[in-house]
$ cat structure-v1.txt   # compact mmCIF, N, CA and C atoms
# COMPACT_ATOMS: atom_id res chain seq x y z
N GLN A 26 -11.49 18.68 -23.46
CA GLN A 26 -10.85 17.37 -23.29
C GLN A 26 -10.21 17.26 -21.92
N VAL A 27 -10.24 16.07 -21.38
CA VAL A 27 -9.58 15.76 -20.12
C VAL A 27 -8.64 14.59 -20.37
N GLN A 28 -7.41 14.75 -19.93
CA GLN A 28 -6.43 13.67 -20.04
C GLN A 28 -6.34 12.94 -18.70
N VAL A 29 -6.49 11.65 -18.76
CA VAL A 29 -6.45 10.82 -17.55
C VAL A 29 -5.29 9.85 -17.68
N VAL A 30 -4.42 9.83 -16.68
CA VAL A 30 -3.23 8.99 -16.74
C VAL A 30 -3.08 8.24 -15.42
N GLU A 31 -2.99 6.91 -15.52
CA GLU A 31 -2.79 6.07 -14.33
C GLU A 31 -1.32 5.68 -14.20
N SER A 32 -0.93 5.35 -12.98
CA SER A 32 0.40 4.80 -12.73
C SER A 32 0.37 4.01 -11.43
N GLY A 33 1.39 3.18 -11.25
CA GLY A 33 1.55 2.47 -9.98
C GLY A 33 1.24 1.00 -9.99
N GLY A 34 0.85 0.46 -11.13
CA GLY A 34 0.57 -0.97 -11.17
C GLY A 34 1.85 -1.79 -11.05
N GLY A 35 1.68 -3.10 -10.94
CA GLY A 35 2.85 -3.97 -10.85
C GLY A 35 2.49 -5.34 -10.33
N LEU A 36 3.52 -6.07 -9.95
CA LEU A 36 3.38 -7.43 -9.43
C LEU A 36 3.58 -7.42 -7.92
N VAL A 37 2.69 -8.07 -7.21
CA VAL A 37 2.78 -8.12 -5.76
C VAL A 37 2.29 -9.48 -5.28
N GLN A 38 2.79 -9.92 -4.14
CA GLN A 38 2.34 -11.19 -3.58
C GLN A 38 1.02 -11.01 -2.85
N ALA A 39 0.28 -12.08 -2.75
CA ALA A 39 -0.98 -12.04 -2.02
C ALA A 39 -0.74 -11.55 -0.59
N GLY A 40 -1.62 -10.68 -0.13
CA GLY A 40 -1.47 -10.08 1.18
C GLY A 40 -0.73 -8.77 1.17
N GLY A 41 -0.10 -8.45 0.05
CA GLY A 41 0.66 -7.23 -0.08
C GLY A 41 -0.19 -6.02 -0.42
N SER A 42 0.49 -4.91 -0.68
CA SER A 42 -0.20 -3.64 -0.95
C SER A 42 0.40 -2.97 -2.18
N LEU A 43 -0.42 -2.16 -2.81
CA LEU A 43 0.00 -1.30 -3.91
C LEU A 43 -0.78 -0.01 -3.83
N ARG A 44 -0.21 1.05 -4.39
CA ARG A 44 -0.94 2.31 -4.51
C ARG A 44 -0.94 2.74 -5.97
N LEU A 45 -2.13 2.93 -6.48
CA LEU A 45 -2.30 3.43 -7.83
C LEU A 45 -2.57 4.93 -7.78
N SER A 46 -2.01 5.63 -8.76
CA SER A 46 -2.23 7.07 -8.86
C SER A 46 -2.92 7.38 -10.16
N CYS A 47 -3.66 8.47 -10.15
CA CYS A 47 -4.36 8.89 -11.36
C CYS A 47 -4.36 10.41 -11.39
N SER A 48 -3.91 10.96 -12.50
CA SER A 48 -3.93 12.41 -12.67
C SER A 48 -4.91 12.79 -13.75
N ALA A 49 -5.56 13.93 -13.57
CA ALA A 49 -6.52 14.43 -14.54
C ALA A 49 -6.16 15.86 -14.88
N SER A 50 -6.13 16.16 -16.17
CA SER A 50 -5.78 17.52 -16.60
C SER A 50 -6.51 17.83 -17.89
N GLY A 51 -6.59 19.13 -18.21
CA GLY A 51 -7.22 19.51 -19.45
C GLY A 51 -8.19 20.64 -19.28
N SER A 52 -8.68 21.14 -20.38
CA SER A 52 -9.54 22.32 -20.37
C SER A 52 -10.92 22.03 -19.79
N ALA A 53 -11.44 20.85 -20.05
CA ALA A 53 -12.76 20.48 -19.53
C ALA A 53 -12.57 19.61 -18.31
N PHE A 54 -12.13 20.20 -17.23
CA PHE A 54 -11.76 19.41 -16.07
C PHE A 54 -12.95 18.69 -15.47
N ALA A 55 -12.66 17.50 -14.96
CA ALA A 55 -13.69 16.64 -14.40
C ALA A 55 -14.13 17.18 -13.06
N THR A 56 -15.18 17.94 -13.03
CA THR A 56 -15.63 18.52 -11.77
C THR A 56 -16.54 17.61 -10.98
N GLY A 57 -17.02 16.54 -11.59
CA GLY A 57 -17.91 15.63 -10.90
C GLY A 57 -17.16 14.69 -9.99
N GLY A 58 -16.47 13.74 -10.57
CA GLY A 58 -15.74 12.78 -9.76
C GLY A 58 -14.80 11.94 -10.59
N MET A 59 -14.08 11.10 -9.88
CA MET A 59 -13.14 10.19 -10.51
C MET A 59 -13.45 8.78 -10.02
N GLY A 60 -13.28 7.83 -10.90
CA GLY A 60 -13.55 6.46 -10.52
C GLY A 60 -12.47 5.51 -10.99
N TRP A 61 -12.43 4.36 -10.33
CA TRP A 61 -11.55 3.27 -10.73
C TRP A 61 -12.41 2.06 -11.08
N PHE A 62 -12.07 1.46 -12.18
CA PHE A 62 -12.69 0.21 -12.60
C PHE A 62 -11.59 -0.78 -12.91
N ARG A 63 -11.93 -2.04 -12.94
CA ARG A 63 -10.93 -3.04 -13.31
C ARG A 63 -11.54 -4.08 -14.22
N GLN A 64 -10.68 -4.68 -15.01
CA GLN A 64 -11.14 -5.72 -15.92
C GLN A 64 -10.14 -6.85 -15.94
N ALA A 65 -10.57 -7.99 -15.45
CA ALA A 65 -9.74 -9.18 -15.49
C ALA A 65 -9.91 -9.87 -16.83
N SER A 66 -8.93 -10.66 -17.18
CA SER A 66 -8.96 -11.34 -18.47
C SER A 66 -10.22 -12.19 -18.60
N GLY A 67 -10.97 -11.96 -19.68
CA GLY A 67 -12.17 -12.73 -19.95
C GLY A 67 -13.39 -12.32 -19.16
N LYS A 68 -13.28 -11.24 -18.40
CA LYS A 68 -14.41 -10.80 -17.59
C LYS A 68 -14.84 -9.40 -17.96
N GLU A 69 -16.01 -9.00 -17.48
CA GLU A 69 -16.50 -7.66 -17.75
C GLU A 69 -15.82 -6.65 -16.81
N ARG A 70 -15.85 -5.41 -17.24
CA ARG A 70 -15.29 -4.35 -16.41
C ARG A 70 -16.12 -4.20 -15.14
N GLU A 71 -15.42 -4.02 -14.03
CA GLU A 71 -16.06 -4.01 -12.71
C GLU A 71 -15.74 -2.71 -11.98
N PHE A 72 -16.74 -2.17 -11.28
CA PHE A 72 -16.53 -0.96 -10.48
C PHE A 72 -15.69 -1.30 -9.26
N VAL A 73 -14.69 -0.43 -9.00
CA VAL A 73 -13.82 -0.60 -7.84
C VAL A 73 -14.10 0.47 -6.79
N ALA A 74 -13.97 1.72 -7.18
CA ALA A 74 -14.15 2.82 -6.22
C ALA A 74 -14.33 4.13 -6.97
N ALA A 75 -14.91 5.10 -6.29
CA ALA A 75 -15.09 6.42 -6.88
C ALA A 75 -15.06 7.47 -5.77
N ILE A 76 -14.73 8.69 -6.18
CA ILE A 76 -14.67 9.79 -5.23
C ILE A 76 -15.17 11.05 -5.90
N THR A 77 -15.89 11.89 -5.15
CA THR A 77 -16.35 13.15 -5.69
C THR A 77 -15.31 14.23 -5.43
N TRP A 78 -15.17 15.14 -6.36
CA TRP A 78 -14.17 16.20 -6.18
C TRP A 78 -14.61 17.20 -5.12
N SER A 79 -15.88 17.53 -5.09
CA SER A 79 -16.31 18.61 -4.21
C SER A 79 -16.29 18.22 -2.74
N GLY A 80 -16.99 17.17 -2.38
CA GLY A 80 -17.07 16.80 -0.97
C GLY A 80 -16.16 15.66 -0.56
N GLY A 81 -15.53 15.01 -1.54
CA GLY A 81 -14.65 13.90 -1.20
C GLY A 81 -15.37 12.65 -0.75
N SER A 82 -16.64 12.53 -1.08
CA SER A 82 -17.38 11.31 -0.74
C SER A 82 -16.79 10.14 -1.52
N THR A 83 -16.69 8.99 -0.85
CA THR A 83 -16.12 7.82 -1.50
C THR A 83 -17.11 6.68 -1.54
N TYR A 84 -17.00 5.87 -2.57
CA TYR A 84 -17.86 4.72 -2.77
C TYR A 84 -17.00 3.55 -3.22
N TYR A 85 -17.36 2.35 -2.78
CA TYR A 85 -16.55 1.18 -3.07
C TYR A 85 -17.40 0.02 -3.55
N GLY A 86 -16.81 -0.77 -4.44
CA GLY A 86 -17.45 -2.01 -4.82
C GLY A 86 -17.37 -3.02 -3.70
N ASP A 87 -18.29 -3.95 -3.66
CA ASP A 87 -18.34 -4.92 -2.58
C ASP A 87 -17.07 -5.76 -2.49
N ALA A 88 -16.46 -6.04 -3.63
CA ALA A 88 -15.29 -6.91 -3.64
C ALA A 88 -14.07 -6.29 -2.98
N VAL A 89 -14.05 -4.97 -2.86
CA VAL A 89 -12.85 -4.29 -2.33
C VAL A 89 -13.12 -3.54 -1.05
N LYS A 90 -14.37 -3.48 -0.63
CA LYS A 90 -14.73 -2.71 0.56
C LYS A 90 -13.96 -3.22 1.77
N GLY A 91 -13.36 -2.28 2.49
CA GLY A 91 -12.58 -2.65 3.68
C GLY A 91 -11.11 -2.90 3.39
N ARG A 92 -10.76 -3.07 2.12
CA ARG A 92 -9.36 -3.33 1.76
C ARG A 92 -8.74 -2.19 0.96
N PHE A 93 -9.55 -1.53 0.15
CA PHE A 93 -9.07 -0.45 -0.70
C PHE A 93 -9.53 0.89 -0.14
N THR A 94 -8.70 1.90 -0.32
CA THR A 94 -9.05 3.25 0.12
C THR A 94 -8.72 4.24 -0.98
N LEU A 95 -9.69 5.07 -1.30
CA LEU A 95 -9.52 6.07 -2.35
C LEU A 95 -9.44 7.45 -1.72
N SER A 96 -8.46 8.23 -2.15
CA SER A 96 -8.30 9.59 -1.64
C SER A 96 -7.99 10.52 -2.80
N ARG A 97 -8.04 11.83 -2.50
CA ARG A 97 -7.81 12.80 -3.57
C ARG A 97 -6.88 13.90 -3.08
N ASP A 98 -6.20 14.52 -4.04
CA ASP A 98 -5.40 15.71 -3.79
C ASP A 98 -5.90 16.76 -4.76
N ASN A 99 -6.81 17.59 -4.30
CA ASN A 99 -7.45 18.55 -5.20
C ASN A 99 -6.47 19.50 -5.87
N PRO A 100 -5.55 20.12 -5.14
CA PRO A 100 -4.64 21.06 -5.83
C PRO A 100 -3.84 20.41 -6.95
N LYS A 101 -3.55 19.13 -6.81
CA LYS A 101 -2.77 18.43 -7.84
C LYS A 101 -3.64 17.70 -8.83
N ASN A 102 -4.96 17.74 -8.62
CA ASN A 102 -5.89 17.03 -9.51
C ASN A 102 -5.52 15.56 -9.64
N MET A 103 -5.29 14.96 -8.50
CA MET A 103 -4.91 13.55 -8.50
C MET A 103 -5.76 12.75 -7.51
N VAL A 104 -5.94 11.48 -7.82
CA VAL A 104 -6.57 10.57 -6.87
C VAL A 104 -5.65 9.38 -6.68
N PHE A 105 -5.78 8.76 -5.51
CA PHE A 105 -4.89 7.66 -5.15
C PHE A 105 -5.72 6.49 -4.64
N LEU A 106 -5.44 5.32 -5.17
CA LEU A 106 -6.13 4.12 -4.72
C LEU A 106 -5.14 3.25 -3.96
N ARG A 107 -5.33 3.19 -2.66
CA ARG A 107 -4.47 2.36 -1.81
C ARG A 107 -5.13 0.99 -1.71
N MET A 108 -4.40 -0.04 -2.11
CA MET A 108 -4.94 -1.40 -2.14
C MET A 108 -4.17 -2.26 -1.14
N ASN A 109 -4.84 -2.70 -0.11
CA ASN A 109 -4.24 -3.54 0.91
C ASN A 109 -4.82 -4.95 0.86
N SER A 110 -4.13 -5.87 1.51
CA SER A 110 -4.60 -7.26 1.59
C SER A 110 -4.99 -7.80 0.22
N LEU A 111 -4.12 -7.60 -0.72
CA LEU A 111 -4.43 -7.98 -2.09
C LEU A 111 -4.56 -9.49 -2.24
N LYS A 112 -5.46 -9.88 -3.11
CA LYS A 112 -5.75 -11.28 -3.38
C LYS A 112 -5.50 -11.58 -4.86
N PRO A 113 -5.24 -12.83 -5.19
CA PRO A 113 -5.05 -13.16 -6.61
C PRO A 113 -6.23 -12.72 -7.48
N GLU A 114 -7.43 -12.74 -6.92
CA GLU A 114 -8.60 -12.34 -7.71
C GLU A 114 -8.66 -10.83 -7.95
N ASP A 115 -7.75 -10.07 -7.36
CA ASP A 115 -7.66 -8.64 -7.66
C ASP A 115 -6.85 -8.38 -8.92
N THR A 116 -6.25 -9.43 -9.46
CA THR A 116 -5.47 -9.29 -10.69
C THR A 116 -6.36 -8.81 -11.82
N ALA A 117 -5.95 -7.70 -12.45
CA ALA A 117 -6.74 -7.10 -13.52
C ALA A 117 -6.00 -5.89 -14.06
N VAL A 118 -6.52 -5.37 -15.14
CA VAL A 118 -6.11 -4.04 -15.60
C VAL A 118 -7.02 -3.03 -14.91
N TYR A 119 -6.41 -2.07 -14.26
CA TYR A 119 -7.15 -1.05 -13.52
C TYR A 119 -7.20 0.24 -14.35
N PHE A 120 -8.41 0.74 -14.50
CA PHE A 120 -8.65 1.95 -15.29
C PHE A 120 -9.14 3.07 -14.39
N CYS A 121 -8.61 4.26 -14.62
CA CYS A 121 -9.11 5.46 -13.97
C CYS A 121 -9.98 6.21 -14.97
N ALA A 122 -11.04 6.83 -14.49
CA ALA A 122 -11.95 7.53 -15.38
C ALA A 122 -12.48 8.79 -14.70
N ALA A 123 -12.94 9.73 -15.53
CA ALA A 123 -13.40 11.02 -15.03
C ALA A 123 -14.80 11.35 -15.53
N ILE A 124 -15.59 11.91 -14.64
CA ILE A 124 -16.90 12.44 -15.00
C ILE A 124 -16.81 13.96 -14.95
N VAL A 125 -17.24 14.62 -16.02
CA VAL A 125 -17.13 16.06 -16.10
C VAL A 125 -18.22 16.79 -15.32
N ARG A 126 -19.46 16.35 -15.44
CA ARG A 126 -20.56 17.14 -14.90
C ARG A 126 -20.55 17.11 -13.38
N PRO A 127 -20.73 18.27 -12.76
CA PRO A 127 -20.66 18.36 -11.30
C PRO A 127 -21.82 17.68 -10.58
N SER A 128 -22.89 17.34 -11.29
CA SER A 128 -24.04 16.72 -10.63
C SER A 128 -23.82 15.24 -10.33
N ALA A 129 -22.74 14.68 -10.84
CA ALA A 129 -22.45 13.25 -10.63
C ALA A 129 -21.89 13.05 -9.24
N GLN A 130 -22.78 12.83 -8.26
CA GLN A 130 -22.33 12.79 -6.88
C GLN A 130 -22.80 11.55 -6.12
N VAL A 131 -23.57 10.70 -6.77
CA VAL A 131 -24.15 9.58 -6.04
C VAL A 131 -23.62 8.25 -6.55
N MET A 132 -23.72 7.24 -5.70
CA MET A 132 -23.18 5.92 -6.00
C MET A 132 -23.74 5.35 -7.29
N SER A 133 -25.03 5.54 -7.52
CA SER A 133 -25.67 4.93 -8.69
C SER A 133 -25.08 5.46 -9.99
N VAL A 134 -24.59 6.68 -9.96
CA VAL A 134 -23.97 7.26 -11.15
C VAL A 134 -22.48 6.92 -11.19
N LEU A 135 -21.81 7.12 -10.07
CA LEU A 135 -20.36 6.96 -10.04
C LEU A 135 -19.92 5.50 -10.21
N SER A 136 -20.79 4.56 -9.96
CA SER A 136 -20.43 3.15 -10.13
C SER A 136 -20.77 2.62 -11.51
N ASP A 137 -21.32 3.47 -12.35
CA ASP A 137 -21.74 3.08 -13.70
C ASP A 137 -20.70 3.54 -14.71
N GLN A 138 -20.00 2.60 -15.31
CA GLN A 138 -18.91 2.96 -16.22
C GLN A 138 -19.41 3.79 -17.40
N TRP A 139 -20.67 3.64 -17.78
CA TRP A 139 -21.19 4.35 -18.95
C TRP A 139 -21.44 5.82 -18.65
N GLN A 140 -21.33 6.21 -17.39
CA GLN A 140 -21.51 7.62 -17.03
C GLN A 140 -20.22 8.43 -17.17
N TYR A 141 -19.10 7.74 -17.34
CA TYR A 141 -17.82 8.42 -17.36
C TYR A 141 -17.50 8.97 -18.75
N ASP A 142 -16.83 10.12 -18.76
CA ASP A 142 -16.56 10.82 -20.01
C ASP A 142 -15.16 10.54 -20.56
N TYR A 143 -14.20 10.35 -19.68
CA TYR A 143 -12.81 10.18 -20.11
C TYR A 143 -12.17 9.03 -19.34
N TRP A 144 -11.32 8.31 -20.04
CA TRP A 144 -10.68 7.13 -19.47
C TRP A 144 -9.18 7.15 -19.71
N GLY A 145 -8.45 6.58 -18.75
CA GLY A 145 -7.03 6.36 -18.95
C GLY A 145 -6.78 5.07 -19.71
N GLN A 146 -5.52 4.79 -19.95
CA GLN A 146 -5.14 3.62 -20.73
C GLN A 146 -5.13 2.34 -19.89
N GLY A 147 -5.09 2.47 -18.59
CA GLY A 147 -5.09 1.31 -17.73
C GLY A 147 -3.69 0.95 -17.25
N THR A 148 -3.65 0.32 -16.08
CA THR A 148 -2.38 -0.15 -15.53
C THR A 148 -2.60 -1.56 -14.98
N GLN A 149 -1.67 -2.44 -15.26
CA GLN A 149 -1.81 -3.84 -14.87
C GLN A 149 -1.42 -4.05 -13.42
N VAL A 150 -2.29 -4.75 -12.71
CA VAL A 150 -2.00 -5.20 -11.34
C VAL A 150 -2.07 -6.72 -11.34
N THR A 151 -1.00 -7.34 -10.91
CA THR A 151 -0.95 -8.79 -10.84
C THR A 151 -0.61 -9.22 -9.42
N VAL A 152 -1.47 -10.06 -8.85
CA VAL A 152 -1.26 -10.54 -7.48
C VAL A 152 -0.98 -12.04 -7.55
N SER A 153 0.20 -12.42 -7.10
CA SER A 153 0.58 -13.83 -7.16
C SER A 153 0.22 -14.53 -5.85
N SER A 154 -0.10 -15.80 -5.95
CA SER A 154 -0.50 -16.57 -4.76
C SER A 154 0.69 -17.22 -4.08

$ encode --input "structure-v1.txt" --output "structure tokens"
Amino acid sequence: QVQVVESGGGLVQAGGSLRLSCSASGSAFATGGMGWFRQASGKEREFVAAITWSGGSTYYGDAVKGRFTLSRDNPKNMVFLRMNSLKPEDTAVYFCAAIVRPSAQVMSVLSDQWQYDYWGQGTQVTVSS
């Protein structure tokens, strides 16, 4: 089992910034990668960003490219999503997720929510106009 816990959501004005944190722990540690997805009210879950544990390669969804930055702290088993230039359309519940298998290293896998093994409970991000 892997426990995934997000933190750092909140309310921010448009143009502002937030940093989300995600920790992963447990016996079956996610050696593949970690990803962030978001789900706005009434919409489907959307890929935001992902990072591989081994090489630190990062991938971003088109909606956030250039504004969001994903980083990792391997010794602490944590990833951080820095969100800049936030827009009202970024309002959503943000979920962190983990892939266990180490072969999960490419965008096509890491951007697919069905490839993930463990999920956090989500953290609300609200951007006011």

$ select_by_dssp --input "structure-v1.txt" --residues "chain A" --states "strand (DSSP E or B)" --output "compact mmCIF listing (two decimals) with N, CA and C atoms, keeping the file's coordinate frame"
# COMPACT_ATOMS: atom_id res chain seq x y z
N GLN A 28 -7.41 14.75 -19.93
CA GLN A 28 -6.43 13.67 -20.04
C GLN A 28 -6.34 12.94 -18.70
N VAL A 29 -6.49 11.65 -18.76
CA VAL A 29 -6.45 10.82 -17.55
C VAL A 29 -5.29 9.85 -17.68
N VAL A 30 -4.42 9.83 -16.68
CA VAL A 30 -3.23 8.99 -16.74
C VAL A 30 -3.08 8.24 -15.42
N GLU A 31 -2.99 6.91 -15.52
CA GLU A 31 -2.79 6.07 -14.33
C GLU A 31 -1.32 5.68 -14.20
N SER A 32 -0.93 5.35 -12.98
CA SER A 32 0.40 4.80 -12.73
C SER A 32 0.37 4.01 -11.43
N GLY A 35 1.68 -3.10 -10.94
CA GLY A 35 2.85 -3.97 -10.85
C GLY A 35 2.49 -5.34 -10.33
N LEU A 36 3.52 -6.07 -9.95
CA LEU A 36 3.38 -7.43 -9.43
C LEU A 36 3.58 -7.42 -7.92
N VAL A 37 2.69 -8.07 -7.21
CA VAL A 37 2.78 -8.12 -5.76
C VAL A 37 2.29 -9.48 -5.28
N GLN A 38 2.79 -9.92 -4.14
CA GLN A 38 2.34 -11.19 -3.58
C GLN A 38 1.02 -11.01 -2.85
N LEU A 43 -0.42 -2.16 -2.81
CA LEU A 43 0.00 -1.30 -3.91
C LEU A 43 -0.78 -0.01 -3.83
N ARG A 44 -0.21 1.05 -4.39
CA ARG A 44 -0.94 2.31 -4.51
C ARG A 44 -0.94 2.74 -5.97
N LEU A 45 -2.13 2.93 -6.48
CA LEU A 45 -2.30 3.43 -7.83
C LEU A 45 -2.57 4.93 -7.78
N SER A 46 -2.01 5.63 -8.76
CA SER A 46 -2.23 7.07 -8.86
C SER A 46 -2.92 7.38 -10.16
N CYS A 47 -3.66 8.47 -10.15
CA CYS A 47 -4.36 8.89 -11.36
C CYS A 47 -4.36 10.41 -11.39
N SER A 48 -3.91 10.96 -12.50
CA SER A 48 -3.93 12.41 -12.67
C SER A 48 -4.91 12.79 -13.75
N ALA A 49 -5.56 13.93 -13.57
CA ALA A 49 -6.52 14.43 -14.54
C ALA A 49 -6.16 15.86 -14.88
N SER A 50 -6.13 16.16 -16.17
CA SER A 50 -5.78 17.52 -16.60
C SER A 50 -6.51 17.83 -17.89
N GLY A 58 -16.47 13.74 -10.57
CA GLY A 58 -15.74 12.78 -9.76
C GLY A 58 -14.80 11.94 -10.59
N MET A 59 -14.08 11.10 -9.88
CA MET A 59 -13.14 10.19 -10.51
C MET A 59 -13.45 8.78 -10.02
N GLY A 60 -13.28 7.83 -10.90
CA GLY A 60 -13.55 6.46 -10.52
C GLY A 60 -12.47 5.51 -10.99
N TRP A 61 -12.43 4.36 -10.33
CA TRP A 61 -11.55 3.27 -10.73
C TRP A 61 -12.41 2.06 -11.08
N PHE A 62 -12.07 1.46 -12.18
CA PHE A 62 -12.69 0.21 -12.60
C PHE A 62 -11.59 -0.78 -12.91
N ARG A 63 -11.93 -2.04 -12.94
CA ARG A 63 -10.93 -3.04 -13.31
C ARG A 63 -11.54 -4.08 -14.22
N GLN A 64 -10.68 -4.68 -15.01
CA GLN A 64 -11.14 -5.72 -15.92
C GLN A 64 -10.14 -6.85 -15.94
N GLU A 71 -15.42 -4.02 -14.03
CA GLU A 71 -16.06 -4.01 -12.71
C GLU A 71 -15.74 -2.71 -11.98
N PHE A 72 -16.74 -2.17 -11.28
CA PHE A 72 -16.53 -0.96 -10.48
C PHE A 72 -15.69 -1.30 -9.26
N VAL A 73 -14.69 -0.43 -9.00
CA VAL A 73 -13.82 -0.60 -7.84
C VAL A 73 -14.10 0.47 -6.79
N ALA A 74 -13.97 1.72 -7.18
CA ALA A 74 -14.15 2.82 -6.22
C ALA A 74 -14.33 4.13 -6.97
N ALA A 75 -14.91 5.10 -6.29
CA ALA A 75 -15.09 6.42 -6.88
C ALA A 75 -15.06 7.47 -5.77
N ILE A 76 -14.73 8.69 -6.18
CA ILE A 76 -14.67 9.79 -5.23
C ILE A 76 -15.17 11.05 -5.90
N THR A 77 -15.89 11.89 -5.15
CA THR A 77 -16.35 13.15 -5.69
C THR A 77 -15.31 14.23 -5.43
N THR A 83 -16.69 8.99 -0.85
CA THR A 83 -16.12 7.82 -1.50
C THR A 83 -17.11 6.68 -1.54
N TYR A 84 -17.00 5.87 -2.57
CA TYR A 84 -17.86 4.72 -2.77
C TYR A 84 -17.00 3.55 -3.22
N TYR A 85 -17.36 2.35 -2.78
CA TYR A 85 -16.55 1.18 -3.07
C TYR A 85 -17.40 0.02 -3.55
N PHE A 93 -9.55 -1.53 0.15
CA PHE A 93 -9.07 -0.45 -0.70
C PHE A 93 -9.53 0.89 -0.14
N THR A 94 -8.70 1.90 -0.32
CA THR A 94 -9.05 3.25 0.12
C THR A 94 -8.72 4.24 -0.98
N LEU A 95 -9.69 5.07 -1.30
CA LEU A 95 -9.52 6.07 -2.35
C LEU A 95 -9.44 7.45 -1.72
N SER A 96 -8.46 8.23 -2.15
CA SER A 96 -8.30 9.59 -1.64
C SER A 96 -7.99 10.52 -2.80
N ARG A 97 -8.04 11.83 -2.50
CA ARG A 97 -7.81 12.80 -3.57
C ARG A 97 -6.88 13.90 -3.08
N ASP A 98 -6.20 14.52 -4.04
CA ASP A 98 -5.40 15.71 -3.79
C ASP A 98 -5.90 16.76 -4.76
N MET A 103 -5.29 14.96 -8.50
CA MET A 103 -4.91 13.55 -8.50
C MET A 103 -5.76 12.75 -7.51
N VAL A 104 -5.94 11.48 -7.82
CA VAL A 104 -6.57 10.57 -6.87
C VAL A 104 -5.65 9.38 -6.68
N PHE A 105 -5.78 8.76 -5.51
CA PHE A 105 -4.89 7.66 -5.15
C PHE A 105 -5.72 6.49 -4.64
N LEU A 106 -5.44 5.32 -5.17
CA LEU A 106 -6.13 4.12 -4.72
C LEU A 106 -5.14 3.25 -3.96
N ARG A 107 -5.33 3.19 -2.66
CA ARG A 107 -4.47 2.36 -1.81
C ARG A 107 -5.13 0.99 -1.71
N MET A 108 -4.40 -0.04 -2.11
CA MET A 108 -4.94 -1.40 -2.14
C MET A 108 -4.17 -2.26 -1.14
N ALA A 117 -5.95 -7.70 -12.45
CA ALA A 117 -6.74 -7.10 -13.52
C ALA A 117 -6.00 -5.89 -14.06
N VAL A 118 -6.52 -5.37 -15.14
CA VAL A 118 -6.11 -4.04 -15.60
C VAL A 118 -7.02 -3.03 -14.91
N TYR A 119 -6.41 -2.07 -14.26
CA TYR A 119 -7.15 -1.05 -13.52
C TYR A 119 -7.20 0.24 -14.35
N PHE A 120 -8.41 0.74 -14.50
CA PHE A 120 -8.65 1.95 -15.29
C PHE A 120 -9.14 3.07 -14.39
N CYS A 121 -8.61 4.26 -14.62
CA CYS A 121 -9.11 5.46 -13.97
C CYS A 121 -9.98 6.21 -14.97
N ALA A 122 -11.04 6.83 -14.49
CA ALA A 122 -11.95 7.53 -15.38
C ALA A 122 -12.48 8.79 -14.70
N ALA A 123 -12.94 9.73 -15.53
CA ALA A 123 -13.40 11.02 -15.03
C ALA A 123 -14.80 11.35 -15.53
N ILE A 124 -15.59 11.91 -14.64
CA ILE A 124 -16.90 12.44 -15.00
C ILE A 124 -16.81 13.96 -14.95
N TYR A 143 -14.20 10.35 -19.68
CA TYR A 143 -12.81 10.18 -20.11
C TYR A 143 -12.17 9.03 -19.34
N TRP A 144 -11.32 8.31 -20.04
CA TRP A 144 -10.68 7.13 -19.47
C TRP A 144 -9.18 7.15 -19.71
N THR A 148 -3.65 0.32 -16.08
CA THR A 148 -2.38 -0.15 -15.53
C THR A 148 -2.60 -1.56 -14.98
N GLN A 149 -1.67 -2.44 -15.26
CA GLN A 149 -1.81 -3.84 -14.87
C GLN A 149 -1.42 -4.05 -13.42
N VAL A 150 -2.29 -4.75 -12.71
CA VAL A 150 -2.00 -5.20 -11.34
C VAL A 150 -2.07 -6.72 -11.34
N THR A 151 -1.00 -7.34 -10.91
CA THR A 151 -0.95 -8.79 -10.84
C THR A 151 -0.61 -9.22 -9.42
N VAL A 152 -1.47 -10.06 -8.85
CA VAL A 152 -1.26 -10.54 -7.48
C VAL A 152 -0.98 -12.04 -7.55
N SER A 153 0.20 -12.42 -7.10
CA SER A 153 0.58 -13.83 -7.16
C SER A 153 0.22 -14.53 -5.85

$ residues_around --input "structure-v1.txt" --residues "Ser46 of chain A" --least-positions-apart "6" --cutoff "7 Å" --atoms "all atoms listed in the file" --output "list in words"
Val30, Glu31, Ser32, Gly33, Gly34, Met103, Val104, Phe105 and Leu106 of chain A

$ residues_near_point --input "structure-v1.txt" --point "(-11.1, 11.8, -18.1)" --cutoff "5 Å" --atoms "all atoms listed in the file" --output "short mmCIF file (atom, residue, chain, number, x, y, z; two decimals) with N, CA and C atoms, keeping the file's coordinate frame"
data_model
loop_
_atom_site.label_atom_id
_atom_site.label_comp_id
_atom_site.auth_asym_id
_atom_site.auth_seq_id
_atom_site.Cartn_x
_atom_site.Cartn_y
_atom_site.Cartn_z
N VAL A 27 -10.24 16.07 -21.38
CA VAL A 27 -9.58 15.76 -20.12
C VAL A 27 -8.64 14.59 -20.37
N GLN A 28 -7.41 14.75 -19.93
CA GLN A 28 -6.43 13.67 -20.04
C GLN A 28 -6.34 12.94 -18.70
N VAL A 29 -6.49 11.65 -18.76
CA VAL A 29 -6.45 10.82 -17.55
C VAL A 29 -5.29 9.85 -17.68
N ALA A 122 -11.04 6.83 -14.49
CA ALA A 122 -11.95 7.53 -15.38
C ALA A 122 -12.48 8.79 -14.70
N ALA A 123 -12.94 9.73 -15.53
CA ALA A 123 -13.40 11.02 -15.03
C ALA A 123 -14.80 11.35 -15.53
N ASP A 142 -16.83 10.12 -18.76
CA ASP A 142 -16.56 10.82 -20.01
C ASP A 142 -15.16 10.54 -20.56
N TYR A 143 -14.20 10.35 -19.68
CA TYR A 143 -12.81 10.18 -20.11
C TYR A 143 -12.17 9.03 -19.34
N TRP A 144 -11.32 8.31 -20.04
CA TRP A 144 -10.68 7.13 -19.47
C TRP A 144 -9.18 7.15 -19.71
#

$ residues_around --input "structure-v1.txt" --residues "Tyr85 of chain A" --least-positions-apart "5" --cutoff "7 Å" --atoms "all atoms listed in the file" --output "list of chain:residue names"
A:Phe72, A:Val73, A:Ala74, A:Ala75, A:Lys90

$ closest_residue --input "structure-v1.txt" --among "A:Arg92, A:Gly67, A:Thr83, A:Met108" --to "Arg44 of chain A" --atoms "only N, CA and C atoms"
A:Met108
